[in-house]
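Visitor: Before we start, here is the structure in question, set down as structure tokens.
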Amino acid sequence: MNADQLIRHAHGRVTPARTRVLTTLLDAERALTHLEVAERLAPAVALDRVTLYRTLDWLVEQALAHRVAGEDRTWRFNASPGGAPAHHAHFNCTRCGQIFCIEALTPALALQLPPDFYAQQIELSIKGLCAGCNPA
């Protein structure tokens with residue numbers, strides 16, 4: 001599905017800001033900071049900082065995107081096109097600071113929860129060197 005379809009599926013109002021921001025996240029190869037999203041939108045799309053923050057927050061609330069904090073305590077955003085909560089691992093490069101979603105690695109921690117416990121979100125963070133920073 002494209003961004004417009006995902007927003008409609010979430011029963012949201014399709015706006016140019018939502019469409020363009022979600023499209024940017026869908027096209028990204030890694031999680032992006034607010035500034036990186038703004039840079040990828042410019043100069044074709046001029047969104048003020050507050051509108052961009054509100055749009056990113058709305059996408060997270062609708063489970064169309066998720067956010068993860070980097071080592072620098074800056075939020076990074078990535079699309080969640082399935083509309084499901086983020087139950088996957090993140091790889092944090094300790095050299096360049098980029099964060100990558102590792103969809104194929106799903107945490108099995110929920111299987112070890114006591115009876116009557118329900119996991120709403122699982123965060124697993126792996127730290128190391130990404131392919132671009134690895135000297136090998």
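Lettering and numbering for the structure tokens are positional, with chains as A, B, ... in the shown order, residues counted from 1 in each chain, and ligands counted from 1 in the shown order.
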Mind checking which residues fall within 8 Å of region 38-46 of chain A, counting only C-alpha atoms, ignoring those fewer than 6 positions away in the same chain, and posting them as a VMD selection string?
Guide: chain A and resid 20 to 21 24 52
Visitor: Keeping only all heavy atoms, take the residues you just selected and write them out as a CSV table (one decimal), in the first residue's frame.
Guide:
chain,number,residue,atom,x,y,z
A,20,ARG,N,3.3,13.0,2.6
A,20,ARG,CA,4.7,13.2,2.3
A,20,ARG,C,5.6,12.7,3.3
A,20,ARG,O,6.6,12.1,3.0
A,20,ARG,CB,4.9,14.7,2.0
A,20,ARG,CG,4.2,15.1,0.7
A,20,ARG,CD,4.4,16.6,0.4
A,20,ARG,NE,3.9,16.9,-0.9
A,20,ARG,CZ,3.1,18.0,-1.1
A,20,ARG,NH1,2.8,18.8,-0.1
A,20,ARG,NH2,2.6,18.2,-2.3
A,21,VAL,N,5.2,12.9,4.6
A,21,VAL,CA,6.1,12.4,5.7
A,21,VAL,C,6.1,10.9,5.7
A,21,VAL,O,7.2,10.2,5.8
A,21,VAL,CB,5.7,13.0,7.0
A,21,VAL,CG1,6.4,12.3,8.2
A,21,VAL,CG2,5.9,14.5,7.1
A,24,THR,N,8.1,9.5,2.9
A,24,THR,CA,9.6,9.7,3.2
A,24,THR,C,10.0,8.5,4.1
A,24,THR,O,11.1,7.9,3.8
A,24,THR,CB,9.8,11.0,3.8
A,24,THR,OG1,9.5,12.1,2.9
A,24,THR,CG2,11.3,11.2,4.2
A,52,LEU,N,5.7,19.2,11.4
A,52,LEU,CA,6.4,17.9,11.2
A,52,LEU,C,6.4,17.1,12.4
A,52,LEU,O,6.1,15.9,12.4
A,52,LEU,CB,7.8,18.2,10.7
A,52,LEU,CG,8.7,16.9,10.5
A,52,LEU,CD1,8.0,16.0,9.5
A,52,LEU,CD2,10.1,17.4,10.0
Visitor: Using only C-alpha atoms, which residues sit within 12 Å of Thr74 (chain A) once same-chain residues fewer than 6 positions away are excluded, as a PyMOL selection string?
Guide: chain A and resi 31-36+67-68+97-99
Visitor: Taking 5 positions as the minimum chain separation for residues in the same chain, which residues sit within 7 Å of Ser80 (chain A) when counting only C-alpha atoms? Answer as a list in words.
Guide: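 Skipping anything fewer than 5 positions along the chain leaves Ala63, Leu64, Ala65 and His66 of chain A.
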Visitor: So that I can check the surroundings of Pro81 (chain A), please list as a PyMOL selection string every protein, DNA and RNA residue that reaches within 12 Å of it, counting only C-alpha atoms and ignoring chain neighbours fewer than 6 positions away.
Guide: chain A and resi 1-7+9-10+22-23+25-27+59-60+62-66
Visitor: Convert the current residue selection to file output with N, CA, C and O atoms, as a PDB file, in the first residue's frame.
Guide:
ATOM      1  N   MET A   1       0.843  -1.189   0.000  1.00  0.00           N
ATOM      2  CA  MET A   1       0.000   0.000   0.000  1.00  0.00           C
ATOM      3  C   MET A   1       0.885   1.249   0.000  1.00  0.00           C
ATOM      4  O   MET A   1       1.959   1.252   0.586  1.00  0.00           O
ATOM      5  N   ASN A   2       0.381   2.291  -0.618  1.00  0.00           N
ATOM      6  CA  ASN A   2       1.111   3.556  -0.581  1.00  0.00           C
ATOM      7  C   ASN A   2       0.677   4.360   0.649  1.00  0.00           C
ATOM      8  O   ASN A   2      -0.198   3.937   1.407  1.00  0.00           O
ATOM      9  N   ALA A   3       1.287   5.517   0.834  1.00  0.00           N
ATOM     10  CA  ALA A   3       1.038   6.321   2.038  1.00  0.00           C
ATOM     11  C   ALA A   3      -0.439   6.715   2.171  1.00  0.00           C
ATOM     12  O   ALA A   3      -1.009   6.607   3.255  1.00  0.00           O
ATOM     13  N   ASP A   4      -1.056   7.173   1.083  1.00  0.00           N
ATOM     14  CA  ASP A   4      -2.466   7.566   1.144  1.00  0.00           C
ATOM     15  C   ASP A   4      -3.351   6.406   1.587  1.00  0.00           C
ATOM     16  O   ASP A   4      -4.242   6.571   2.426  1.00  0.00           O
ATOM     17  N   GLN A   5      -3.118   5.241   1.022  1.00  0.00           N
ATOM     18  CA  GLN A   5      -3.912   4.063   1.372  1.00  0.00           C
ATOM     19  C   GLN A   5      -3.718   3.675   2.830  1.00  0.00           C
ATOM     20  O   GLN A   5      -4.672   3.312   3.521  1.00  0.00           O
ATOM     21  N   LEU A   6      -2.475   3.742   3.322  1.00  0.00           N
ATOM     22  CA  LEU A   6      -2.202   3.407   4.718  1.00  0.00           C
ATOM     23  C   LEU A   6      -2.904   4.378   5.665  1.00  0.00           C
ATOM     24  O   LEU A   6      -3.455   3.974   6.688  1.00  0.00           O
ATOM     25  N   ILE A   7      -2.903   5.654   5.312  1.00  0.00           N
ATOM     26  CA  ILE A   7      -3.563   6.662   6.152  1.00  0.00           C
ATOM     27  C   ILE A   7      -5.076   6.435   6.156  1.00  0.00           C
ATOM     28  O   ILE A   7      -5.708   6.474   7.218  1.00  0.00           O
ATOM     29  N   HIS A   9      -6.594   3.606   5.604  1.00  0.00           N
ATOM     30  CA  HIS A   9      -6.813   2.348   6.324  1.00  0.00           C
ATOM     31  C   HIS A   9      -6.800   2.572   7.838  1.00  0.00           C
ATOM     32  O   HIS A   9      -7.477   1.874   8.583  1.00  0.00           O
ATOM     33  N   ALA A  10      -6.048   3.568   8.288  1.00  0.00           N
ATOM     34  CA  ALA A  10      -5.997   3.926   9.713  1.00  0.00           C
ATOM     35  C   ALA A  10      -7.126   4.881  10.087  1.00  0.00           C
ATOM     36  O   ALA A  10      -7.153   5.412  11.198  1.00  0.00           O
ATOM     37  N   LEU A  22       4.939  10.262   5.570  1.00  0.00           N
ATOM     38  CA  LEU A  22       4.877   8.803   5.563  1.00  0.00           C
ATOM     39  C   LEU A  22       5.595   8.230   4.343  1.00  0.00           C
ATOM     40  O   LEU A  22       6.312   7.230   4.453  1.00  0.00           O
ATOM     41  N   THR A  23       5.455   8.859   3.192  1.00  0.00           N
ATOM     42  CA  THR A  23       6.172   8.406   1.999  1.00  0.00           C
ATOM     43  C   THR A  23       7.677   8.476   2.220  1.00  0.00           C
ATOM     44  O   THR A  23       8.415   7.559   1.845  1.00  0.00           O
ATOM     45  N   LEU A  25       9.238   8.207   5.086  1.00  0.00           N
ATOM     46  CA  LEU A  25       9.614   7.117   5.987  1.00  0.00           C
ATOM     47  C   LEU A  25       9.556   5.765   5.271  1.00  0.00           C
ATOM     48  O   LEU A  25      10.423   4.907   5.499  1.00  0.00           O
ATOM     49  N   LEU A  26       8.573   5.561   4.422  1.00  0.00           N
ATOM     50  CA  LEU A  26       8.470   4.302   3.681  1.00  0.00           C
ATOM     51  C   LEU A  26       9.661   4.111   2.744  1.00  0.00           C
ATOM     52  O   LEU A  26      10.131   2.986   2.543  1.00  0.00           O
ATOM     53  N   ASP A  27      10.145   5.194   2.175  1.00  0.00           N
ATOM     54  CA  ASP A  27      11.266   5.125   1.234  1.00  0.00           C
ATOM     55  C   ASP A  27      12.627   5.063   1.922  1.00  0.00           C
ATOM     56  O   ASP A  27      13.628   4.760   1.270  1.00  0.00           O
ATOM     57  N   LEU A  59       1.465   9.778  13.162  1.00  0.00           N
ATOM     58  CA  LEU A  59       1.801   8.516  12.511  1.00  0.00           C
ATOM     59  C   LEU A  59       2.161   7.442  13.537  1.00  0.00           C
ATOM     60  O   LEU A  59       1.772   6.282  13.392  1.00  0.00           O
ATOM     61  N   VAL A  60       2.867   7.830  14.608  1.00  0.00           N
ATOM     62  CA  VAL A  60       3.210   6.881  15.669  1.00  0.00           C
ATOM     63  C   VAL A  60       1.943   6.442  16.401  1.00  0.00           C
ATOM     64  O   VAL A  60       1.750   5.253  16.670  1.00  0.00           O
ATOM     65  N   GLN A  62      -0.998   6.208  15.314  1.00  0.00           N
ATOM     66  CA  GLN A  62      -1.805   5.350  14.441  1.00  0.00           C
ATOM     67  C   GLN A  62      -1.081   4.051  14.089  1.00  0.00           C
ATOM     68  O   GLN A  62      -1.605   3.255  13.302  1.00  0.00           O
ATOM     69  N   ALA A  63       0.108   3.840  14.634  1.00  0.00           N
ATOM     70  CA  ALA A  63       0.940   2.653  14.357  1.00  0.00           C
ATOM     71  C   ALA A  63       1.347   2.571  12.885  1.00  0.00           C
ATOM     72  O   ALA A  63       1.608   1.492  12.370  1.00  0.00           O
ATOM     73  N   LEU A  64       1.400   3.715  12.216  1.00  0.00           N
ATOM     74  CA  LEU A  64       1.909   3.764  10.851  1.00  0.00           C
ATOM     75  C   LEU A  64       3.413   4.008  10.846  1.00  0.00           C
ATOM     76  O   LEU A  64       4.071   3.869   9.819  1.00  0.00           O
ATOM     77  N   ALA A  65       3.934   4.398  12.001  1.00  0.00           N
ATOM     78  CA  ALA A  65       5.369   4.600  12.186  1.00  0.00           C
ATOM     79  C   ALA A  65       5.686   4.263  13.640  1.00  0.00           C
ATOM     80  O   ALA A  65       4.787   4.177  14.478  1.00  0.00           O
ATOM     81  N   HIS A  66       6.956   4.059  13.894  1.00  0.00           N
ATOM     82  CA  HIS A  66       7.380   3.878  15.277  1.00  0.00           C
ATOM     83  C   HIS A  66       8.630   4.717  15.492  1.00  0.00           C
ATOM     84  O   HIS A  66       9.269   5.158  14.545  1.00  0.00           O
TER      85      HIS A  66
END
Visitor: From the set A:Gly70, A:Gly12, A:Pro115, A:Pro135, which residue has the shortest atom-to-atom contact distance to Phe91 (chain A), counting only C-alpha atoms?
Guide: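 Of A:Gly70, A:Gly12, A:Pro115, A:Pro135, the one nearest Phe91 (chain A) is A:Gly70, counting only C-alpha atoms.
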Visitor: Just to confirm, what's the straight-line distance from CA of Ile102 (chain A) to CA of Trp58 (chain A) in Å (one decimal)?
Guide: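 CA of Trp58 (chain A) lies at a distance of 23.2 Å from CA of Ile102 (chain A).
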Visitor: Kindly give the distance, in Å, that separates CA of Lys127 (chain A) and CA of Cys93 (chain A), rounded to a single decimal.
Guide: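 Between CA of Lys127 (chain A) and CA of Cys93 (chain A) the gap works out to 5.9 Å.
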Visitor: For Cys133 (chain A), list every protein, DNA or RNA residue within 9 Å, evaluated using only C-alpha atoms, and leave out those in the same chain fewer than 3 positions away; present the list as a list in words.
Guide: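 With the cut-off at 9 Å, the set is Cys93, Thr94, Arg95, Cys96, Leu129, Cys130 and Ala136 of chain A.
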Visitor: Taking C-alpha atoms for each residue, export the selection above as a compact mmCIF listing (two decimals), in the first residue's frame.
Guide:
# COMPACT_ATOMS: atom_id res chain seq x y z
CA CYS A 93 25.76 1.81 14.92
CA THR A 94 28.13 3.00 17.62
CA ARG A 95 30.25 4.92 15.11
CA CYS A 96 27.85 6.82 12.85
CA LEU A 129 29.17 -1.25 13.59
CA CYS A 130 26.95 -0.98 10.50
CA ALA A 136 36.32 -5.58 7.71
Visitor: Would you mind writing down, as number ranges by chain, each residue of region 4-126 of chain A that DSSP on the backbone assigns to strand (DSSP E or B)?
Guide: A: 31-33, 65-69, 75-79, 87-93, 99-102, 122-126
Visitor: Only C-alpha atoms, please: the residues just picked out, written as a PDB file, in the first residue's frame.
Guide:
ATOM      1  CA  ALA A  31      15.176   5.214  10.878  1.00  0.00           C
ATOM      2  CA  LEU A  32      15.334   9.000  10.393  1.00  0.00           C
ATOM      3  CA  THR A  33      15.565  11.883  12.840  1.00  0.00           C
ATOM      4  CA  ALA A  65       5.369   4.600  12.186  1.00  0.00           C
ATOM      5  CA  HIS A  66       7.380   3.878  15.277  1.00  0.00           C
ATOM      6  CA  ARG A  67      10.086   5.785  17.058  1.00  0.00           C
ATOM      7  CA  VAL A  68      13.238   4.664  18.755  1.00  0.00           C
ATOM      8  CA  ALA A  69      15.722   6.722  20.764  1.00  0.00           C
ATOM      9  CA  TRP A  75      14.120  10.170  18.396  1.00  0.00           C
ATOM     10  CA  ARG A  76      14.346   8.390  15.084  1.00  0.00           C
ATOM     11  CA  PHE A  77      11.277   7.393  13.092  1.00  0.00           C
ATOM     12  CA  ASN A  78      10.608   4.495  10.761  1.00  0.00           C
ATOM     13  CA  ALA A  79       7.484   3.425   8.900  1.00  0.00           C
ATOM     14  CA  HIS A  87       8.015  -5.929  17.750  1.00  0.00           C
ATOM     15  CA  HIS A  88      11.414  -6.182  16.154  1.00  0.00           C
ATOM     16  CA  ALA A  89      15.026  -5.413  16.908  1.00  0.00           C
ATOM     17  CA  HIS A  90      16.967  -2.243  16.193  1.00  0.00           C
ATOM     18  CA  PHE A  91      20.641  -2.077  15.278  1.00  0.00           C
ATOM     19  CA  ASN A  92      22.444   1.013  16.602  1.00  0.00           C
ATOM     20  CA  CYS A  93      25.757   1.812  14.917  1.00  0.00           C
ATOM     21  CA  ILE A  99      19.612   3.064  13.538  1.00  0.00           C
ATOM     22  CA  PHE A 100      18.331   0.241  11.357  1.00  0.00           C
ATOM     23  CA  CYS A 101      15.223  -1.878  11.901  1.00  0.00           C
ATOM     24  CA  ILE A 102      15.964  -5.579  11.829  1.00  0.00           C
ATOM     25  CA  ILE A 122       9.069  -4.950  22.888  1.00  0.00           C
ATOM     26  CA  GLU A 123      12.311  -3.055  22.395  1.00  0.00           C
ATOM     27  CA  LEU A 124      15.500  -4.916  21.577  1.00  0.00           C
ATOM     28  CA  SER A 125      18.559  -2.891  20.690  1.00  0.00           C
ATOM     29  CA  ILE A 126      21.753  -4.337  19.253  1.00  0.00           C
TER      30      ILE A 126
END
Visitor: Could you find all residues in chain A that DSSP calls alpha helix (DSSP H) from the backbone, and write them as a PyMOL selection string?
Guide: chain A and resi 3-9+16-27+34-41+49-61
Visitor: Measuring between only C-alpha atoms, which one of A:Arg73, A:Gln120, A:Thr55, A:Leu113 shows the shortest distance to Val14 (chain A)?
Guide: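 Nearest to Val14 (chain A): A:Thr55.
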